[in-house]
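Chemist: If it helps, the file is called model_22.txt and holds compact mmCIF, C-alpha atoms and all ligand atoms:
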```txt
# COMPACT_ATOMS: atom_id res chain seq x y z
CA MET C 1 10.90 7.87 53.57
CA ARG C 2 10.00 4.22 52.96
CA THR C 3 7.66 2.69 50.39
CA ILE C 4 5.70 -0.25 51.77
CA ALA C 5 3.12 -2.24 49.82
CA HIS C 6 0.53 -4.47 51.43
CA VAL C 7 -0.92 -7.13 49.13
CA ASP C 8 -4.08 -8.95 50.20
CA MET C 9 -5.86 -11.48 48.01
CA ASP C 10 -9.62 -10.99 47.63
CA ALA C 11 -11.78 -13.71 49.21
CA PHE C 12 -8.81 -16.01 48.69
CA PHE C 13 -10.18 -19.51 49.40
CA ALA C 14 -13.43 -18.78 47.56
CA ALA C 15 -11.49 -17.28 44.64
CA VAL C 16 -9.32 -20.42 44.36
CA GLU C 17 -12.46 -22.61 44.29
CA ILE C 18 -13.90 -20.45 41.50
CA LEU C 19 -10.58 -20.60 39.65
CA ASP C 20 -10.69 -24.41 39.76
CA ASN C 21 -14.41 -24.56 38.91
CA PRO C 22 -15.36 -21.53 36.78
CA SER C 23 -19.05 -22.52 36.83
CA LEU C 24 -19.07 -21.12 40.40
CA ALA C 25 -18.26 -17.60 39.16
CA GLY C 26 -20.87 -15.06 40.20
CA LYS C 27 -22.41 -17.42 42.76
CA PRO C 28 -22.41 -17.01 46.55
CA VAL C 29 -19.52 -19.38 47.34
CA ILE C 30 -19.05 -20.14 51.03
CA ILE C 31 -16.00 -22.07 52.24
CA GLY C 32 -17.21 -24.31 55.03
CA SER C 33 -19.03 -27.61 55.01
CA ARG C 34 -22.82 -27.57 55.09
CA ASP C 35 -22.59 -30.94 56.87
CA SER C 36 -20.74 -29.50 59.85
CA PRO C 37 -23.34 -27.07 61.17
CA ARG C 38 -21.21 -26.41 64.24
CA GLY C 39 -18.36 -25.15 62.06
CA VAL C 40 -17.68 -21.59 60.92
CA VAL C 41 -17.31 -19.91 57.55
CA SER C 42 -13.61 -19.57 56.70
CA THR C 43 -14.07 -17.32 53.64
CA CYS C 44 -16.86 -16.44 51.25
CA SER C 45 -17.19 -14.76 47.88
CA TYR C 46 -18.39 -11.18 47.62
CA GLU C 47 -21.68 -12.48 46.23
CA ALA C 48 -22.21 -14.31 49.54
CA ARG C 49 -21.15 -11.22 51.52
CA ALA C 50 -24.05 -9.37 49.91
CA PHE C 51 -26.33 -11.67 51.94
CA GLY C 52 -24.56 -10.71 55.15
CA VAL C 53 -22.37 -13.80 55.31
CA HIS C 54 -18.83 -13.18 56.57
CA SER C 55 -15.84 -15.18 57.74
CA ALA C 56 -15.91 -16.65 61.27
CA MET C 57 -19.73 -16.74 61.12
CA PRO C 58 -21.33 -20.02 62.27
CA ILE C 59 -22.23 -22.18 59.24
CA ARG C 60 -25.76 -22.53 60.62
CA ARG C 61 -26.22 -18.77 60.47
CA ALA C 62 -24.73 -18.62 56.96
CA ILE C 63 -27.25 -21.27 55.81
CA GLU C 64 -30.09 -19.16 57.23
CA LEU C 65 -28.86 -16.00 55.51
CA CYS C 66 -27.94 -17.62 52.21
CA PRO C 67 -29.78 -20.96 51.86
CA HIS C 68 -28.96 -21.25 48.13
CA GLY C 69 -25.24 -20.60 48.76
CA VAL C 70 -22.65 -23.03 47.40
CA PHE C 71 -21.00 -24.47 50.52
CA ILE C 72 -17.59 -26.01 49.84
CA PRO C 73 -15.42 -27.86 52.38
CA PRO C 74 -11.99 -26.19 52.51
CA ARG C 75 -9.08 -27.70 50.52
CA HIS C 76 -6.14 -26.32 52.45
CA ASP C 77 -3.49 -28.17 50.42
CA ARG C 78 -4.69 -26.47 47.27
CA TYR C 79 -4.80 -23.02 48.91
CA HIS C 80 -1.28 -23.57 50.20
CA GLU C 81 -0.10 -24.47 46.69
CA VAL C 82 -1.56 -21.27 45.21
CA SER C 83 -0.12 -19.29 48.13
CA GLN C 84 3.37 -20.58 47.35
CA ALA C 85 3.02 -19.42 43.74
CA LEU C 86 1.86 -16.03 45.05
CA PHE C 87 4.93 -15.63 47.27
CA VAL C 88 7.28 -16.62 44.46
CA LEU C 89 5.69 -13.85 42.41
CA LEU C 90 5.84 -11.27 45.23
CA ARG C 91 9.55 -11.95 45.80
CA GLU C 92 10.18 -10.97 42.19
CA PHE C 93 9.02 -7.47 43.14
CA SER C 94 11.06 -7.17 46.33
CA PRO C 95 13.42 -9.43 48.25
CA LEU C 96 11.92 -8.04 51.46
CA VAL C 97 8.59 -9.81 51.71
CA GLU C 98 6.92 -10.39 55.08
CA PRO C 99 4.08 -12.92 54.94
CA LEU C 100 1.21 -12.04 57.27
CA SER C 101 -0.95 -15.02 56.41
CA ILE C 102 -1.51 -17.47 53.56
CA ASP C 103 -2.78 -14.70 51.27
CA GLU C 104 -1.34 -11.46 52.62
CA ALA C 105 2.09 -9.87 52.72
CA PHE C 106 4.05 -6.69 53.18
CA LEU C 107 6.63 -5.80 50.52
CA ASP C 108 9.32 -3.26 51.30
CA MET C 109 9.54 -1.46 47.93
CA THR C 110 11.92 1.24 49.19
CA GLY C 111 14.55 1.83 46.53
CA CYS C 112 12.42 0.24 43.79
CA GLU C 113 10.35 3.38 43.08
CA HIS C 114 12.33 4.32 39.98
CA PHE C 115 11.22 1.12 38.21
CA TYR C 116 7.70 2.56 38.03
CA SER C 117 6.25 5.78 36.68
CA SER C 118 4.30 6.31 39.91
CA LEU C 119 3.20 4.46 43.03
CA GLU C 120 -0.13 3.79 41.26
CA ASP C 121 1.85 2.15 38.46
CA MET C 122 3.79 0.10 41.03
CA GLY C 123 0.57 -1.14 42.65
CA GLN C 124 -1.13 -1.81 39.33
CA THR C 125 1.92 -3.73 38.07
CA ILE C 126 1.78 -6.03 41.11
CA LYS C 127 -1.98 -6.51 40.70
CA ASP C 128 -1.65 -7.20 36.96
CA ALA C 129 1.07 -9.79 37.55
CA ILE C 130 -1.15 -11.59 40.08
CA ARG C 131 -4.10 -11.40 37.67
CA GLN C 132 -2.08 -12.71 34.72
CA ARG C 133 -0.10 -15.45 36.40
CA LEU C 134 -2.47 -16.69 39.11
CA LYS C 135 -5.78 -15.60 37.50
CA LEU C 136 -6.75 -14.14 40.85
CA SER C 137 -7.59 -10.71 42.15
CA ALA C 138 -5.75 -8.84 44.88
CA SER C 139 -6.11 -5.54 46.70
CA VAL C 140 -3.00 -3.44 47.23
CA GLY C 141 -2.21 -0.56 49.56
CA ILE C 142 0.97 1.50 49.25
CA ALA C 143 2.17 3.98 51.85
CA GLY C 144 5.18 5.03 53.90
CA ASN C 145 4.71 2.36 56.57
CA LYS C 146 3.08 -0.97 57.36
CA PHE C 147 0.10 0.42 59.25
CA LEU C 148 -0.96 2.75 56.44
CA ALA C 149 -0.22 0.22 53.66
CA LYS C 150 -2.44 -2.40 55.30
CA LEU C 151 -5.10 0.18 55.96
CA GLY C 152 -4.96 1.16 52.28
CA SER C 153 -5.37 -2.37 50.94
CA GLY C 154 -8.57 -2.72 52.97
CA LEU C 155 -10.18 0.55 51.93
CA GLN C 156 -11.39 -0.44 48.43
CA LYS C 157 -11.73 -4.20 48.54
CA PRO C 158 -12.14 -6.17 46.30
CA ASN C 159 -9.70 -5.40 43.48
CA GLY C 160 -8.66 -2.20 45.25
CA LEU C 161 -5.60 -0.04 44.87
CA VAL C 162 -5.07 2.74 47.38
CA ILE C 163 -2.00 4.93 47.69
CA ILE C 164 -1.79 6.91 50.89
CA GLY C 165 0.72 9.68 50.28
CA GLU C 166 2.30 11.67 53.08
CA GLY C 167 -0.04 14.62 52.50
CA GLN C 168 -3.19 12.50 52.65
CA VAL C 169 -2.57 10.68 55.92
CA GLU C 170 -4.56 13.05 58.10
CA GLU C 171 -7.49 13.25 55.72
CA VAL C 172 -7.70 9.46 55.27
CA LEU C 173 -7.38 8.64 58.97
CA ALA C 174 -9.59 11.32 60.52
CA PRO C 175 -13.06 9.84 59.81
CA LEU C 176 -12.09 6.20 60.49
CA PRO C 177 -13.15 4.43 63.71
CA VAL C 178 -10.40 4.09 66.32
CA ASP C 179 -10.34 0.31 65.98
CA VAL C 180 -8.53 0.61 62.62
CA LEU C 181 -5.45 1.45 64.69
CA TRP C 182 -3.08 -1.46 65.18
CA GLY C 183 -3.54 -2.92 68.69
CA VAL C 184 -6.89 -1.28 69.41
CA GLY C 185 -9.37 -4.00 70.34
CA ALA C 186 -12.88 -4.01 71.75
CA LYS C 187 -11.72 -3.03 75.25
CA THR C 188 -9.76 0.07 74.23
CA THR C 189 -12.52 1.04 71.79
CA ARG C 190 -15.03 0.95 74.68
CA GLU C 191 -12.77 2.97 76.98
CA LEU C 192 -12.21 5.59 74.30
CA ALA C 193 -15.95 5.70 73.53
CA ARG C 194 -16.61 6.47 77.18
CA LEU C 195 -14.37 9.50 76.75
CA GLY C 196 -16.32 10.58 73.69
CA ILE C 197 -13.63 9.44 71.26
CA SER C 198 -14.80 7.23 68.41
CA THR C 199 -12.78 8.41 65.39
CA VAL C 200 -9.07 8.70 64.75
CA GLY C 201 -9.58 12.43 64.13
CA GLN C 202 -11.01 12.84 67.64
CA LEU C 203 -8.14 10.82 69.08
CA ARG C 204 -5.65 13.19 67.46
CA GLY C 205 -7.03 15.97 69.61
CA VAL C 206 -5.94 14.20 72.79
CA PRO C 207 -2.51 15.18 74.17
CA GLU C 208 0.15 12.46 74.32
CA GLU C 209 0.77 12.80 78.08
CA TRP C 210 -2.90 12.24 78.69
CA LEU C 211 -2.99 9.06 76.57
CA VAL C 212 0.15 7.73 78.25
CA ARG C 213 -1.31 8.41 81.70
CA LYS C 214 -4.51 6.60 80.73
CA PHE C 215 -3.14 3.69 78.64
CA GLY C 216 0.55 3.42 79.55
CA LYS C 217 2.82 2.23 76.73
CA MET C 218 -0.22 1.67 74.51
CA GLY C 219 -1.01 5.38 74.87
CA ARG C 220 2.21 6.33 73.10
CA GLN C 221 1.36 3.91 70.30
CA LEU C 222 -2.15 5.39 69.99
CA PHE C 223 -0.66 8.87 69.78
CA LEU C 224 1.73 7.85 66.98
CA LEU C 225 -0.68 5.67 64.98
CA ALA C 226 -3.37 8.38 65.07
CA ARG C 227 -0.81 10.48 63.17
CA GLY C 228 -0.01 7.66 60.78
CA ILE C 229 3.43 7.09 62.34
CA ASP C 230 4.67 3.49 62.41
CA ASP C 231 8.36 2.55 62.37
CA ARG C 232 7.99 -1.22 62.36
CA PRO C 233 10.30 -2.74 59.73
CA VAL C 234 9.17 -5.24 57.12
CA GLU C 235 10.55 -8.48 58.49
CA CYS C 236 10.95 -11.24 56.00
CA GLU C 237 11.46 -14.82 56.99
CA TRP C 238 14.93 -16.13 57.76
CA GLU C 239 15.64 -17.46 54.26
CA ALA C 240 15.15 -14.03 52.76
CA LYS C 241 17.01 -12.37 55.62
CA SER C 242 20.30 -14.05 54.93
CA LEU C 243 22.23 -14.82 51.80
CA GLY C 244 24.73 -17.57 52.08
CA ALA C 245 26.82 -20.11 50.28
CA GLU C 246 28.78 -22.95 51.78
CA ASN C 247 30.73 -25.90 50.52
CA THR C 248 31.72 -29.21 52.08
CA PHE C 249 34.98 -30.34 50.52
CA PRO C 250 35.54 -33.84 49.15
CA ALA C 251 38.72 -33.94 51.29
CA ASP C 252 39.74 -31.74 54.22
CA LEU C 253 41.59 -28.64 53.07
CA PHE C 254 44.81 -27.45 54.73
CA ASP C 255 46.49 -25.27 52.11
CA VAL C 256 45.82 -21.61 52.91
CA LYS C 257 46.01 -20.67 49.25
CA VAL C 258 43.33 -23.22 48.36
CA LEU C 259 41.17 -22.19 51.35
CA GLU C 260 41.32 -18.57 50.27
CA ALA C 261 40.45 -19.48 46.71
CA GLU C 262 37.45 -21.36 48.05
CA LEU C 263 36.41 -18.33 50.12
CA LEU C 264 36.71 -16.15 47.07
CA ARG C 265 34.50 -18.50 45.09
CA LEU C 266 31.86 -18.44 47.86
CA SER C 267 32.15 -14.65 48.12
CA MET C 268 31.51 -14.38 44.40
CA GLN C 269 28.38 -16.54 44.72
CA VAL C 270 26.82 -14.53 47.55
CA GLY C 271 27.99 -11.25 46.05
CA ARG C 272 26.20 -11.96 42.82
CA ARG C 273 22.97 -12.89 44.61
CA LEU C 274 23.26 -9.78 46.77
CA ARG C 275 23.47 -7.56 43.70
CA GLN C 276 20.74 -9.46 41.86
CA GLY C 277 18.46 -8.78 44.83
CA ASN C 278 19.52 -5.11 44.83
CA LEU C 279 20.51 -5.50 48.48
CA SER C 280 23.21 -4.31 50.81
CA PHE C 281 24.25 -5.99 54.06
CA ARG C 282 25.58 -5.11 57.49
CA THR C 283 26.96 -8.39 58.84
CA LEU C 284 29.33 -10.80 57.19
CA THR C 285 29.62 -14.23 58.77
CA LEU C 286 32.20 -16.90 58.09
CA LYS C 287 31.12 -20.45 58.88
CA ALA C 288 33.86 -23.03 59.25
CA ARG C 289 33.87 -26.72 60.17
CA TYR C 290 37.01 -28.52 61.30
CA PRO C 291 37.67 -32.14 60.36
CA ASP C 292 36.37 -33.19 63.84
CA PHE C 293 33.00 -31.60 62.91
CA THR C 294 33.40 -28.69 65.34
CA THR C 295 31.57 -25.81 63.66
CA LEU C 296 32.43 -22.18 64.28
CA THR C 297 31.08 -18.89 63.05
CA ARG C 298 32.87 -15.56 63.07
CA SER C 299 31.06 -12.33 62.21
CA LYS C 300 31.87 -8.77 61.44
CA THR C 301 29.29 -5.96 61.36
CA LYS C 302 29.74 -2.54 59.76
CA SER C 303 27.24 0.24 59.10
CA SER C 304 27.82 -0.37 55.39
CA TRP C 305 29.94 -2.61 53.23
CA PRO C 306 30.88 -2.28 49.58
CA ARG C 307 28.94 -4.90 47.63
CA ASP C 308 31.60 -6.23 45.31
CA ASP C 309 33.05 -9.74 45.56
CA TRP C 310 36.51 -8.54 46.55
CA SER C 311 35.26 -6.61 49.56
CA ILE C 312 33.18 -9.57 50.72
CA PHE C 313 36.18 -11.83 50.17
CA ALA C 314 38.52 -9.49 52.07
CA GLY C 315 36.13 -9.51 55.04
CA ALA C 316 35.76 -13.30 54.95
CA ARG C 317 39.51 -13.81 54.65
CA GLU C 318 40.16 -11.59 57.64
CA LEU C 319 37.74 -13.73 59.67
CA LEU C 320 39.34 -16.95 58.37
CA HIS C 321 42.73 -15.82 59.65
CA THR C 322 41.34 -15.44 63.18
CA LEU C 323 40.86 -19.25 63.20
CA ASP C 324 43.37 -22.04 63.77
CA LEU C 325 44.34 -22.85 60.20
CA THR C 326 46.61 -25.78 61.10
CA LYS C 327 43.70 -28.13 61.87
CA GLY C 328 42.35 -28.03 58.31
CA PHE C 329 38.71 -27.58 57.29
CA ARG C 330 35.96 -29.77 55.91
CA LEU C 331 33.54 -26.90 55.24
CA LEU C 332 33.58 -23.17 54.66
CA GLY C 333 30.59 -20.86 54.23
CA VAL C 334 30.01 -17.15 53.73
CA TYR C 335 26.75 -15.58 54.98
CA LEU C 336 25.45 -12.04 54.69
CA THR C 337 22.76 -10.83 57.10
CA GLY C 338 21.27 -7.51 58.11
CA LEU C 339 20.11 -7.12 54.52
CA TYR C 340 18.52 -3.90 53.36
CA PRO C 341 17.67 -2.32 50.00
CA PHE C 342 20.76 -0.97 48.27
CA ARG C 343 21.27 2.76 47.97
CA GLN C 344 24.25 4.19 46.17
CA LEU C 345 26.35 5.65 48.92
CA ASP C 346 29.37 7.15 47.28
CA LEU C 347 31.21 7.44 44.02
CA LEU C 348 33.78 4.82 44.90
CA GLU C 349 31.03 2.30 45.50
CA GLU C 350 29.45 3.29 42.21
CA GLU C 351 32.69 2.75 40.27
CA ARG C 352 33.20 -0.63 41.88
CA SER C 353 29.68 -1.73 41.19
CA ARG C 354 29.95 -0.72 37.53
CA LEU C 355 32.89 -3.08 37.13
CA THR C 356 31.07 -5.74 39.13
CA THR C 357 27.94 -5.30 37.00
CA VAL C 358 29.90 -5.94 33.81
CA ILE C 359 31.44 -9.08 35.28
CA ASP C 360 28.03 -10.28 36.50
CA GLU C 361 26.56 -9.72 33.05
CA LEU C 362 29.31 -11.64 31.30
CA ASN C 363 29.08 -14.58 33.69
CA GLU C 364 25.29 -14.61 33.42
CA LYS C 365 25.43 -14.49 29.63
CA TRP C 366 27.63 -17.59 29.51
CA GLY C 367 25.84 -19.33 32.37
CA ARG C 368 29.10 -19.99 34.21
CA THR C 369 32.09 -18.11 35.55
CA VAL C 370 33.97 -16.97 32.45
CA ILE C 371 35.62 -13.99 34.07
CA GLY C 372 36.89 -13.82 37.62
CA PRO C 373 39.99 -13.66 39.73
CA ALA C 374 42.89 -15.82 38.53
CA ARG C 375 43.42 -17.41 41.91
CA VAL C 376 40.16 -19.33 41.63
CA TRP C 377 41.49 -21.10 38.54
CA GLU C 378 44.96 -21.45 39.96
CA ALA C 379 43.51 -23.31 42.91
CA ASP C 380 41.59 -25.61 40.54
CA ASP C 381 44.85 -26.50 38.81
MG MG L 401 -7.29 -11.77 51.95
```
Turn this file's structure into structure tokens for me.

Modeler:
Amino acid sequence: MRTIAHVDMDAFFAAVEILDNPSLAGKPVIIGSRDSPRGVVSTCSYEARAFGVHSAMPIRRAIELCPHGVFIPPRHDRYHEVSQALFVLLREFSPLVEPLSIDEAFLDMTGCEHFYSSLEDMGQTIKDAIRQRLKLSASVGIAGNKFLAKLGSGLQKPNGLVIIGEGQVEEVLAPLPVDVLWGVGAKTTRELARLGISTVGQLRGVPEEWLVRKFGKMGRQLFLLARGIDDRPVECEWEAKSLGAENTFPADLFDVKVLEAELLRLSMQVGRRLRQGNLSFRTLTLKARYPDFTTLTRSKTKSSWPRDDWSIFAGARELLHTLDLTKGFRLLGVYLTGLYPFRQLDLLEEERSRLTTVIDELNEKWGRTVIGPARVWEADD
């Protein structure tokens, strides 16, 4: 059972304009230039929506509906800046953040549940942090998958918080129009309407074989989504998907003892970041560059790895010894990919991580490595 949050800022561009010019608060703010009547509205405040204005509407039509509206040409650089601050904040809640647009993201909160008294508390904590730090309002949906989380964030906009628990899925979905289902556009909606199906509840009554015969692969998806089933993973961008550390040496290294000490140091760096992010990994990759600039990578994948520095180091060392060590190296790097939220697997792992936690805490307290394997210092000498 996963816990996925979808965070969506409310009327984002308009809200940023109001943030920067509080005298606009409470007014119908429309992002789009009045002087470009062929343009479209990119966002508008909820006050403007009350007049029937919505995004993607021609400016000319928006002027007709809301002649006293405050039309503001978009300032994309500024929105981008606020967006970056938003994503920094979201990554404090989960390392697995998938941006959907400038103001929207999925957070995989699986494994973080115990930090909060309830899923409501989790959602409210995220909303409060956004309110306090960015002075902006967001809507949040939390559910067991991406489809339901995104559906939830849209149900009570603005400033909404909707949790869709396993037991509520059927009840929430049944009355909604079929086009809330991911992938259902105007064409499918029309075809379903012709068959007398306009709500998700009605769609649930249709057998899977029938949907597959009618819609092919899409039919299977309709069948699953109508039941609130969606296995798509939260996919964060590459930076968040890998943890790595590498070092280019001032002089090429040949001594195996020194190379191993270097690998251990790198393993300690990535290991600490892995544990700080409360992550586990499946693939360990060694990156190596020979003095002639030839760069190689060697990887090893397991269903699970222990998360302590020594296990990472042992894996990296094994990979190092598959290379030609006589040529020397100008760079070594250790990368972890296939990251996923950490779950305590067995007692051995737990014992190891307790030791590792103490070492992490000591090193963090002093702001440098004050405790670690002797061979790192031996190599320095
Ligand atoms: Mg939004």

Chemist: For ligand MG 401 (chain L), list the contacting residues at 9 Å or closer, counting only C-alpha atoms and all ligand atoms, as a PyMOL selection string.

Modeler: chain C and resi 7-13+43+101-104+138-139

Chemist: Restricting it to C-alpha atoms, dump the selection as a PDB file, keeping the file's coordinate frame.

Modeler:
```
ATOM      1  CA  VAL C   7      -0.920  -7.130  49.130  1.00  0.00           C
ATOM      2  CA  ASP C   8      -4.080  -8.950  50.200  1.00  0.00           C
ATOM      3  CA  MET C   9      -5.860 -11.480  48.010  1.00  0.00           C
ATOM      4  CA  ASP C  10      -9.620 -10.990  47.630  1.00  0.00           C
ATOM      5  CA  ALA C  11     -11.780 -13.710  49.210  1.00  0.00           C
ATOM      6  CA  PHE C  12      -8.810 -16.010  48.690  1.00  0.00           C
ATOM      7  CA  PHE C  13     -10.180 -19.510  49.400  1.00  0.00           C
ATOM      8  CA  THR C  43     -14.070 -17.320  53.640  1.00  0.00           C
ATOM      9  CA  SER C 101      -0.950 -15.020  56.410  1.00  0.00           C
ATOM     10  CA  ILE C 102      -1.510 -17.470  53.560  1.00  0.00           C
ATOM     11  CA  ASP C 103      -2.780 -14.700  51.270  1.00  0.00           C
ATOM     12  CA  GLU C 104      -1.340 -11.460  52.620  1.00  0.00           C
ATOM     13  CA  ALA C 138      -5.750  -8.840  44.880  1.00  0.00           C
ATOM     14  CA  SER C 139      -6.110  -5.540  46.700  1.00  0.00           C
TER      15      SER C 139
END
```

Chemist: From the set C:Lys287, C:Arg282, C:Arg273, C:Arg330, which residue has the shortest atom-to-atom contact distance to C:Asp309, counting only C-alpha atoms?

Modeler: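 Among the listed residues, the smallest separation from C:Asp309 belongs to C:Arg273.
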
Chemist: Every residue with an atom at most 10 Å from (25.5, -10.6, 58.9) (file coordinates; only C-alpha atoms) is what I'm after, so could you write them as a ChimeraX atom specification?

Modeler: /C:241-244,281-286,298-302,334-339

Chemist: Any idea what the distance is between atom CA of C:Gly144 and atom CA of C:Ile4?

Modeler: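 Taking atom CA of C:Gly144 and atom CA of C:Ile4, their separation equals 5.7 Å.
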
Chemist: Which residues of stretch 163-276 of chain C come within 9 Å of stretch 147-159 of chain C, and what is each one's closest atom pair and distance in Å (one decimal), counting only C-alpha atoms, sorted by chain and residue number, as CSV?

Modeler:
```
residue,atom,partner,partner_atom,distance
C:Ile163,CA,C:Gly152,CA,6.6
C:Ile164,CA,C:Gly152,CA,6.7
C:Val169,CA,C:Leu148,CA,8.1
C:Val180,CA,C:Leu151,CA,7.5
C:Leu181,CA,C:Phe147,CA,7.8
C:Trp182,CA,C:Phe147,CA,7.0
C:Leu225,CA,C:Phe147,CA,7.8
C:Gly228,CA,C:Leu148,CA,6.6
C:Ile229,CA,C:Phe147,CA,8.1
C:Asp230,CA,C:Phe147,CA,6.3
C:Arg232,CA,C:Phe147,CA,8.6
```

Chemist: Could you state the separation of atom CA of C:Pro177 and atom CA of C:Glu209 in Å, given to one decimal place?

Modeler: 21.7 Å

Chemist: Could you state the separation of atom CA of C:Arg307 and atom CA of C:Ala105 in Å, given to one decimal place?

Modeler: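 According to the coordinates, atom CA of C:Arg307 and atom CA of C:Ala105 are separated by 27.8 Å.
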
Chemist: List the residues sitting within 7 Å of (-13.1, -23.2, 51.9) in the file's frame, using all atoms listed in the file, as a list in words.

Modeler: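 It turns out the residues near that spot are Phe13, Ala14, Ile30, Ile31, Gly32, Ser42, Thr43, Ile72, Pro73, Pro74 and Arg75 of chain C.
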
Chemist: Near C:Ala288, within 12 Å and counting all atoms listed in the file, which residues show up once chain neighbours fewer than 3 positions away are dropped, as a count of residues only?

Modeler: 38

Chemist: Compile the contact shell of C:Lys135 as a PyMOL selection string: residues with an atom at most 12 Å away, counting all atoms listed in the file, same-chain residues fewer than 6 positions apart removed.

Modeler: chain C and resi 9-10+12+15-20+22+82+85-86+127-129

Chemist: Tell me which protein, DNA and RNA residues are within 10 Å of C:Gly123, counting all atoms listed in the file, leaving out same-chain ones fewer than 3 positions away, and put them as a list in words.

Modeler: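 Close residues of C:Gly123: Ala5, His6, Val7, Tyr116, Ser118, Leu119, Glu120, Ile126, Lys127, Asp128, Ser139, Val140, Gly141, Ile142, Gly160, Leu161, Val162 and Ile163 of chain C.
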
Chemist: Between C:Thr3, C:Arg354, C:Ala374, C:Met268, which residue has the minimum interatomic distance to C:Leu96, considering all atoms listed in the file?

Modeler: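 Going through C:Thr3, C:Arg354, C:Ala374, C:Met268 one by one, the smallest distance to C:Leu96 is for C:Thr3.
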
Chemist: Have a look at C:His80, C:Val234, C:Tyr46, C:Ile130 and name the one nearest to C:Val97; count all atoms listed in the file.

Modeler: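 The closest residue to C:Val97 is C:Val234.
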